[in-house]
Amino acid sequence: MILELDDVRVTLGGSHILQGVSFAVAPTGVTALLGRNGVGKTTTVKAILGLVPRSGRIAFDGDQVHRLRTHEIVCRGIGYAPEDRCVFAKLTVAENLTLAERRGSKHAYDLVYELFPELKTRGAQAAGTLSGGQQQMVAIARTLLNDNRLIVVDEPTKGLAPKVVTEVAEVLERAAERVPMLLVEQNLALVRRLAGDGVVLAAGQVVHRGPVRDLLEDAALTQELLGVGKAA
Amino acid sequence: MSTLVLLTLTGLGLGALYFLIASGLSLIFGLMDVLNFAHGALVTAGAYAAWRLTGHLPFAVAVAAAVATGAVLAALIETVLIRPLYSRPKDQILVTVGLGLALPALVQGIWGADARQLQAPKQLTGTVSLLGAKVPTDRFVLIAAAIVVLAALKLFLAKTRYGLVVRAGVEDRAMVTALGIDVRKAFTLVFAIGGALAGLAGALGGVYFGSVSPDQGTSLLVFGFVVVVIGGMGRTDGVALAAAAVGLIQQFTNYYAASGLGDFAAVAILAVVLLVRGNGEGIQRIIRRTA
């Protein structure tokens with residue numbers, strides 16, 4: 001397993017957001033982190049990266065990383081595309097990518113510009129003036145620029161137009177061929193297309209683990225765990 | 001006409017001092033959310049370093065020592081006192097306020113409360129005739145120093161990796177760390193740059209006022225904050241414009257209205273800017289930080 005969480009707990013503002021989350025991310029393919037709104041998916045991702053105070057154990061490729069600081073965890077080889085993209089709006093597209101270059105890693109600009117040719121032509125444009133889809137491209141490009149051993153992508157299609165969702169899905173599919181991925185996603189059609197394993201959270205706990213296909217085939221279980229009907 | 005020229009250049013000279021102080025404050029608050037009330041103490045430390053060495057060493061060396069004093073003190077303050085308190089903003093404010101009081105008190109304990117005359121070299125104490133006005137040379141030196149610092153800061157922010165980290169950190173510090181960057185190094189660097197500029201302001205302030213005193217830095221700091229709020233957090237150009245405006249308004253008000261009213265005018269401008277612009281992002285952040 002590339003990433004293992006064991007009894008991870010997060011308390012924010014007196015609320016127990018994560019109440020002992022344990023799961024593992026497969027060393028190949030896409031592992032989907034699923035659940036209804038507000039169950040702690042984004043907090044789980046932030047806990048992995050050390051962006052929120054947490055307890056419990058987190059191992060990345062066999063090494064314990066839960067005592068490390070965020071930049072140290074990331075430098076072990078994790079790429080992170082956060083919810084809401086978090087591109088630096090006042091920096092240019094090129095500067096956003098330059099900033100993401102990590103020391104000691106090769107920088108795969110060829111791959112990035114092959115997947116996102118628009119980022120090359122818009123290099124001098126302020127990232128804040130890009131469309132939501134283009135900003136998502138920047139966020140994903142940042143994770144692909146370095147030699148990562150895992151990429152964590154949080155709600156990449158949130159708020160995007162259907163055509164753009166398809167583009168993002170294609171890119172994620174390409175990316176997943178190269179590097180394992182932990183994907184938080186509400187779009188179940190996309191999850192079905194990309195993910196092998198799935199982990200479902202409810203109220204800050206893992207309530208289901210297993211192949212995504214099995215889960216999504218089971219309409220009753222999908223309805224119970226995710227609050228939606230069978231995926232298209 | 002000559003009065004106008006003299007007032008303008010004196011106002012710009014004072015504005016240059018404010019800029020040297022405010023640019024550091026603005027970067028520090030913009031990147032780290034630290035309201036550094038100890039910044040005035042760094043100005044004082046720089047002023048006294050320059051004063052102690054002037055006469056013994058070339059003036060340029062004394063100024064360089066003031067810059068180094070400010071930078072080293074600031075880096076020490078950041079690493080030893082501020083760093084453990086990044087998640088405790090109120091304690092952080094208490095520490096910087098305490099330092100802002102303690103360091104000038106220490107200076108006063110060692111060298112006394114009286115202002116000490118700073119013997120600047122002849123080249124800086126003369127006057128230059130310009131459009132019928134005899135303008136003290138140090139005004140030009142201050143303005144030139146501020147322009148050089150502005151250009152250097154802009155180059156640093158635009159062209160260097162650390163400058164990029166600082167600009168990104170002002171927008172979203174957490175995301176910078178999530179890209180694998182140790183933002184703490186940038187914190188220390190920005191603190192040191194701010195301290196160096198405060199030290200420079202101390203030395204050049206000593207030339208401008210003709211003397212140094214323990215509370216000089218703290219008095220200047222008040223206007224530094226006014227300039228930062230008007231100019232914007234982390235906005236070097238805005239801070240430069242605001243500093244020039246506040247310096248000019250102070251000088252002109254002191255001359256044409258009543259002596260001493262200039263300080264009031266500076267604060268009045270701040271109030272007008274806030275009323276017109278509304279509670280900008282910078283003010284909101286300060287309120288969140290101190291509430």
# chains A, B, ... in the order shown; residues from 1 in each chain; ligands from 1
>>> residues_around(residues="Ala139 of chain A", least_positions_apart="5", cutoff="9 Å", atoms="only C-alpha atoms", output="ChimeraX atom specification")
/A:80-82,85-87,96-97,134,156
>>> write_last_selection(atoms="N, CA and C atoms", output="compact mmCIF listing (two decimals), in the first residue's frame")
# COMPACT_ATOMS: atom_id res chain seq x y z
N TYR A 80 -0.64 17.48 -4.58
CA TYR A 80 -1.94 17.79 -3.99
C TYR A 80 -2.66 18.84 -4.84
N ALA A 81 -3.83 18.46 -5.33
CA ALA A 81 -4.70 19.42 -6.03
C ALA A 81 -5.91 19.64 -5.13
N PRO A 82 -5.96 20.76 -4.41
CA PRO A 82 -6.99 20.94 -3.38
C PRO A 82 -8.36 21.28 -3.96
N ARG A 85 -9.21 24.48 -6.09
CA ARG A 85 -7.98 24.69 -6.88
C ARG A 85 -6.84 25.35 -6.13
N CYS A 86 -7.16 26.48 -5.43
CA CYS A 86 -6.10 27.23 -4.72
C CYS A 86 -4.93 27.59 -5.62
N VAL A 87 -5.21 28.05 -6.83
CA VAL A 87 -4.13 28.61 -7.63
C VAL A 87 -3.85 30.01 -7.06
N ASN A 96 2.87 30.11 -11.31
CA ASN A 96 2.23 29.06 -10.51
C ASN A 96 2.95 27.73 -10.70
N LEU A 97 3.35 27.46 -11.92
CA LEU A 97 4.05 26.19 -12.20
C LEU A 97 5.48 26.23 -11.65
N GLN A 134 -9.81 26.00 -16.41
CA GLN A 134 -8.38 26.26 -16.64
C GLN A 134 -7.61 26.28 -15.31
N PRO A 156 -12.10 17.52 -8.09
CA PRO A 156 -11.57 18.24 -9.26
C PRO A 156 -12.65 18.75 -10.21
>>> interface_residues(of="chain B", to="chain A", cutoff="9 Å", atoms="only C-alpha atoms", output="list in words")
Arg161, Leu164, Val165, Arg167, Ala168, Gly169, Glu171, Asp172, Ala174, Met175, Val176, Thr177, Ala178, Leu179, Gly180, Ile181, Asp182 and Val183 of chain B
>>> residues_around(residues="segment 11-25 of chain A", least_positions_apart="2", cutoff="9 Å", atoms="only C-alpha atoms", output="VMD selection string")
chain A and resid 1 to 9 27 to 28 30 to 32 38 to 40 43 to 44 52 to 56 180 to 182 197 199 201 203 to 206 209
>>> write_last_selection(atoms="N, CA and C atoms", output="short mmCIF file (atom, residue, chain, number, x, y, z; two decimals), in the first residue's frame")
data_model
loop_
_atom_site.label_atom_id
_atom_site.label_comp_id
_atom_site.auth_asym_id
_atom_site.auth_seq_id
_atom_site.Cartn_x
_atom_site.Cartn_y
_atom_site.Cartn_z
N MET A 1 0.84 -1.19 0.00
CA MET A 1 0.00 0.00 0.00
C MET A 1 0.88 1.25 0.00
N ILE A 2 0.48 2.25 -0.77
CA ILE A 2 1.32 3.45 -0.86
C ILE A 2 1.04 4.38 0.32
N LEU A 3 -0.21 4.39 0.78
CA LEU A 3 -0.56 5.27 1.90
C LEU A 3 -1.48 4.52 2.85
N GLU A 4 -1.16 4.60 4.15
CA GLU A 4 -2.02 3.93 5.14
C GLU A 4 -2.36 4.89 6.26
N LEU A 5 -3.65 5.01 6.54
CA LEU A 5 -4.12 5.82 7.67
C LEU A 5 -4.60 4.88 8.75
N ASP A 6 -4.20 5.17 9.98
CA ASP A 6 -4.60 4.30 11.08
C ASP A 6 -5.11 5.17 12.24
N ASP A 7 -6.40 5.10 12.48
CA ASP A 7 -7.02 5.79 13.61
C ASP A 7 -6.74 7.29 13.58
N VAL A 8 -6.93 7.91 12.44
CA VAL A 8 -6.66 9.35 12.31
C VAL A 8 -7.87 10.13 12.85
N ARG A 9 -7.56 11.03 13.75
CA ARG A 9 -8.62 11.83 14.38
C ARG A 9 -8.31 13.32 14.23
N PRO A 27 -1.29 0.90 -4.35
CA PRO A 27 -0.08 1.44 -5.00
C PRO A 27 -0.25 1.68 -6.49
N THR A 28 -1.38 1.27 -7.05
CA THR A 28 -1.64 1.58 -8.46
C THR A 28 -3.09 2.01 -8.59
N VAL A 30 -6.63 4.30 -9.07
CA VAL A 30 -7.29 5.38 -8.34
C VAL A 30 -8.10 4.80 -7.19
N THR A 31 -7.87 5.34 -6.00
CA THR A 31 -8.71 5.00 -4.85
C THR A 31 -9.62 6.20 -4.60
N ALA A 32 -10.92 5.94 -4.59
CA ALA A 32 -11.87 7.05 -4.42
C ALA A 32 -12.25 7.19 -2.94
N GLY A 38 -19.86 17.10 3.94
CA GLY A 38 -19.64 17.36 5.36
C GLY A 38 -19.27 16.15 6.19
N VAL A 39 -18.91 15.03 5.56
CA VAL A 39 -18.58 13.85 6.36
C VAL A 39 -17.10 13.79 6.74
N GLY A 40 -16.30 14.70 6.16
CA GLY A 40 -14.89 14.76 6.54
C GLY A 40 -13.92 14.33 5.46
N THR A 43 -11.27 17.08 5.07
CA THR A 43 -10.47 17.08 6.30
C THR A 43 -9.51 15.89 6.32
N THR A 44 -9.97 14.75 5.81
CA THR A 44 -9.08 13.58 5.73
C THR A 44 -7.87 13.89 4.86
N VAL A 52 -4.06 20.16 8.87
CA VAL A 52 -4.87 20.36 10.08
C VAL A 52 -4.22 19.54 11.20
N PRO A 53 -4.34 19.99 12.47
CA PRO A 53 -3.78 19.21 13.57
C PRO A 53 -4.52 17.88 13.68
N ARG A 54 -3.79 16.78 13.79
CA ARG A 54 -4.46 15.48 13.86
C ARG A 54 -3.66 14.54 14.73
N SER A 55 -4.33 13.46 15.18
CA SER A 55 -3.64 12.39 15.89
C SER A 55 -3.82 11.11 15.07
N GLY A 56 -3.14 10.07 15.48
CA GLY A 56 -3.20 8.82 14.73
C GLY A 56 -1.93 8.64 13.92
N PRO A 180 -0.21 6.48 -8.62
CA PRO A 180 -1.45 6.20 -7.88
C PRO A 180 -2.12 7.49 -7.40
N MET A 181 -3.43 7.40 -7.24
CA MET A 181 -4.18 8.63 -6.94
C MET A 181 -5.21 8.37 -5.85
N LEU A 182 -5.33 9.32 -4.94
CA LEU A 182 -6.45 9.33 -4.01
C LEU A 182 -7.38 10.44 -4.50
N ASP A 197 -10.65 0.98 -6.18
CA ASP A 197 -11.17 0.84 -4.82
C ASP A 197 -11.89 2.10 -4.37
N VAL A 199 -13.47 4.11 -0.70
CA VAL A 199 -13.60 4.21 0.75
C VAL A 199 -14.73 5.20 1.00
N LEU A 201 -16.87 7.50 3.67
CA LEU A 201 -16.92 8.08 5.01
C LEU A 201 -18.35 8.48 5.35
N ALA A 203 -20.00 10.66 8.85
CA ALA A 203 -19.83 11.23 10.18
C ALA A 203 -18.41 10.99 10.73
N GLY A 204 -17.43 11.22 9.89
CA GLY A 204 -16.04 11.17 10.36
C GLY A 204 -15.49 9.78 10.56
N GLN A 205 -16.18 8.76 10.03
CA GLN A 205 -15.68 7.39 10.15
C GLN A 205 -15.79 6.64 8.82
N VAL A 206 -14.95 5.65 8.65
CA VAL A 206 -15.06 4.83 7.44
C VAL A 206 -16.21 3.84 7.64
N ARG A 209 -15.54 -0.09 2.65
CA ARG A 209 -14.34 -0.19 1.81
C ARG A 209 -14.58 -1.29 0.79
#
>>> select_by_dssp(residues="segment 4-166 of chain A", states="strand (DSSP E or B)", output="ChimeraX atom specification")
/A:4-12,15-25,30-34,55-60,63-64,78-81,92,126,150-154
>>> write_last_selection(atoms="N, CA and C atoms", output="compact mmCIF listing (two decimals), in the first residue's frame")
# COMPACT_ATOMS: atom_id res chain seq x y z
N GLU A 4 -1.16 4.60 4.15
CA GLU A 4 -2.02 3.93 5.14
C GLU A 4 -2.36 4.89 6.26
N LEU A 5 -3.65 5.01 6.54
CA LEU A 5 -4.12 5.82 7.67
C LEU A 5 -4.60 4.88 8.75
N ASP A 6 -4.20 5.17 9.98
CA ASP A 6 -4.60 4.30 11.08
C ASP A 6 -5.11 5.17 12.24
N ASP A 7 -6.40 5.10 12.48
CA ASP A 7 -7.02 5.79 13.61
C ASP A 7 -6.74 7.29 13.58
N VAL A 8 -6.93 7.91 12.44
CA VAL A 8 -6.66 9.35 12.31
C VAL A 8 -7.87 10.13 12.85
N ARG A 9 -7.56 11.03 13.75
CA ARG A 9 -8.62 11.83 14.38
C ARG A 9 -8.31 13.32 14.23
N VAL A 10 -9.36 14.10 13.96
CA VAL A 10 -9.19 15.55 13.83
C VAL A 10 -10.32 16.23 14.60
N THR A 11 -9.94 17.17 15.45
CA THR A 11 -10.92 17.97 16.16
C THR A 11 -10.69 19.43 15.78
N LEU A 12 -11.73 20.07 15.26
CA LEU A 12 -11.60 21.47 14.87
C LEU A 12 -12.70 22.28 15.56
N SER A 15 -15.33 20.46 17.46
CA SER A 15 -16.09 19.40 16.77
C SER A 15 -15.16 18.26 16.39
N HIS A 16 -15.60 17.04 16.61
CA HIS A 16 -14.82 15.87 16.23
C HIS A 16 -15.11 15.56 14.77
N ILE A 17 -14.28 16.11 13.90
CA ILE A 17 -14.54 15.98 12.46
C ILE A 17 -14.20 14.57 11.98
N LEU A 18 -13.01 14.08 12.36
CA LEU A 18 -12.63 12.71 12.03
C LEU A 18 -12.53 11.92 13.33
N GLN A 19 -13.18 10.76 13.35
CA GLN A 19 -13.25 9.99 14.60
C GLN A 19 -12.62 8.63 14.43
N GLY A 20 -11.35 8.62 14.06
CA GLY A 20 -10.65 7.36 13.92
C GLY A 20 -10.77 6.77 12.53
N VAL A 21 -10.25 7.50 11.55
CA VAL A 21 -10.33 7.05 10.16
C VAL A 21 -9.15 6.14 9.85
N SER A 22 -9.42 4.96 9.32
CA SER A 22 -8.36 4.02 8.90
C SER A 22 -8.69 3.49 7.51
N PHE A 23 -7.76 3.64 6.59
CA PHE A 23 -7.90 2.99 5.28
C PHE A 23 -6.55 3.04 4.59
N ALA A 24 -6.46 2.36 3.46
CA ALA A 24 -5.21 2.33 2.72
C ALA A 24 -5.47 2.69 1.26
N VAL A 25 -4.44 3.27 0.64
CA VAL A 25 -4.54 3.63 -0.77
C VAL A 25 -3.67 2.66 -1.57
N VAL A 30 -6.63 4.30 -9.07
CA VAL A 30 -7.29 5.38 -8.34
C VAL A 30 -8.10 4.80 -7.19
N THR A 31 -7.87 5.34 -6.00
CA THR A 31 -8.71 5.00 -4.85
C THR A 31 -9.62 6.20 -4.60
N ALA A 32 -10.92 5.94 -4.59
CA ALA A 32 -11.87 7.05 -4.42
C ALA A 32 -12.25 7.19 -2.94
N LEU A 33 -12.29 8.43 -2.48
CA LEU A 33 -12.76 8.71 -1.13
C LEU A 33 -14.13 9.37 -1.28
N LEU A 34 -15.16 8.65 -0.82
CA LEU A 34 -16.53 9.06 -1.10
C LEU A 34 -17.29 9.37 0.18
N SER A 55 -4.33 13.46 15.18
CA SER A 55 -3.64 12.39 15.89
C SER A 55 -3.82 11.11 15.07
N GLY A 56 -3.14 10.07 15.48
CA GLY A 56 -3.20 8.82 14.73
C GLY A 56 -1.93 8.64 13.92
N ARG A 57 -1.88 7.57 13.15
CA ARG A 57 -0.66 7.26 12.38
C ARG A 57 -0.95 7.32 10.88
N ILE A 58 0.01 7.86 10.17
CA ILE A 58 -0.09 7.91 8.71
C ILE A 58 1.24 7.44 8.14
N ALA A 59 1.19 6.40 7.32
CA ALA A 59 2.42 5.89 6.71
C ALA A 59 2.35 6.11 5.21
N PHE A 60 3.44 6.66 4.66
CA PHE A 60 3.51 6.87 3.21
C PHE A 60 4.65 6.01 2.67
N ASP A 63 6.90 4.61 5.33
CA ASP A 63 7.49 5.51 6.33
C ASP A 63 6.40 6.26 7.09
N GLN A 64 6.58 6.34 8.41
CA GLN A 64 5.64 7.13 9.20
C GLN A 64 5.84 8.62 8.88
N ILE A 78 4.31 13.58 -2.67
CA ILE A 78 2.85 13.64 -2.78
C ILE A 78 2.48 14.94 -3.51
N GLY A 79 1.69 14.82 -4.54
CA GLY A 79 1.17 15.99 -5.23
C GLY A 79 -0.26 16.22 -4.77
N TYR A 80 -0.64 17.48 -4.58
CA TYR A 80 -1.94 17.79 -3.99
C TYR A 80 -2.66 18.84 -4.84
N ALA A 81 -3.83 18.46 -5.33
CA ALA A 81 -4.70 19.42 -6.03
C ALA A 81 -5.91 19.64 -5.13
N THR A 92 1.24 34.66 -12.36
CA THR A 92 0.92 34.18 -13.71
C THR A 92 0.85 32.65 -13.69
N ALA A 126 -2.46 36.16 -15.63
CA ALA A 126 -2.66 35.98 -14.19
C ALA A 126 -3.63 34.81 -13.97
N LEU A 150 2.44 9.66 -5.26
CA LEU A 150 0.98 9.64 -5.02
C LEU A 150 0.46 11.03 -5.35
N ILE A 151 -0.70 11.10 -6.00
CA ILE A 151 -1.33 12.41 -6.08
C ILE A 151 -2.71 12.36 -5.43
N VAL A 152 -3.01 13.44 -4.75
CA VAL A 152 -4.26 13.55 -4.00
C VAL A 152 -5.07 14.66 -4.64
N VAL A 153 -6.23 14.32 -5.15
CA VAL A 153 -7.03 15.29 -5.89
C VAL A 153 -8.40 15.41 -5.21
N ASP A 154 -8.71 16.64 -4.77
CA ASP A 154 -9.93 16.85 -3.99
C ASP A 154 -10.98 17.56 -4.85
>>> residues_around(residues="Ser2 of chain B", least_positions_apart="4", cutoff="10 Å", atoms="only C-alpha atoms", output="list in words")
Leu6, Leu7, Thr8, Ser129, Leu130, Leu131, Gly132, Ala133, Lys134 and Val135 of chain B
>>> closest_residue(among="A:Leu190, A:Glu170, A:Gln223, A:Asp147", to="Gly104 of chain A", atoms="only C-alpha atoms")
A:Asp147
>>> select_by_dssp(residues="segment 45-255 of chain B", states="alpha helix (DSSP H)", output="VMD selection string")
chain B and resid 45 to 53 59 to 76 89 to 111 122 to 125 137 to 159 161 to 171 173 to 178 183 to 209 216 to 231 236 to 255
>>> residues_around(residues="segment 112-120 of chain A", least_positions_apart="4", cutoff="10 Å", atoms="only C-alpha atoms", output="list in words")
Val93, Ala94, Leu97, His107, Ala108, Ala124, Gln125, Ala127, Gln134, Gln135, Met137, Val138, Ile140, Ala141, Arg142, Thr143, Leu144, Leu145, Glu167, Glu170, Val171, Arg174 and Ala175 of chain A
>>> closest_residue(among="B:Trp111, B:Ile147, B:Ser213, B:Leu189", to="Ala244 of chain B", atoms="only C-alpha atoms")
B:Ile147
>>> atom_distance(atom1="atom CA of Gly224 of chain B", atom2="atom CA of Ile21 of chain B")
5.8 Å
>>> residues_around(residues="Val267 of chain B", least_positions_apart="2", cutoff="10 Å", atoms="only C-alpha atoms", output="PyMOL selection string")
chain B and resi 222-223+226-227+246+250+262-265+269-273
>>> closest_residue(among="A:Ala26, A:Lys41, A:Gly35, A:Arg192", to="Asp61 of chain A", atoms="only C-alpha atoms")
A:Ala26
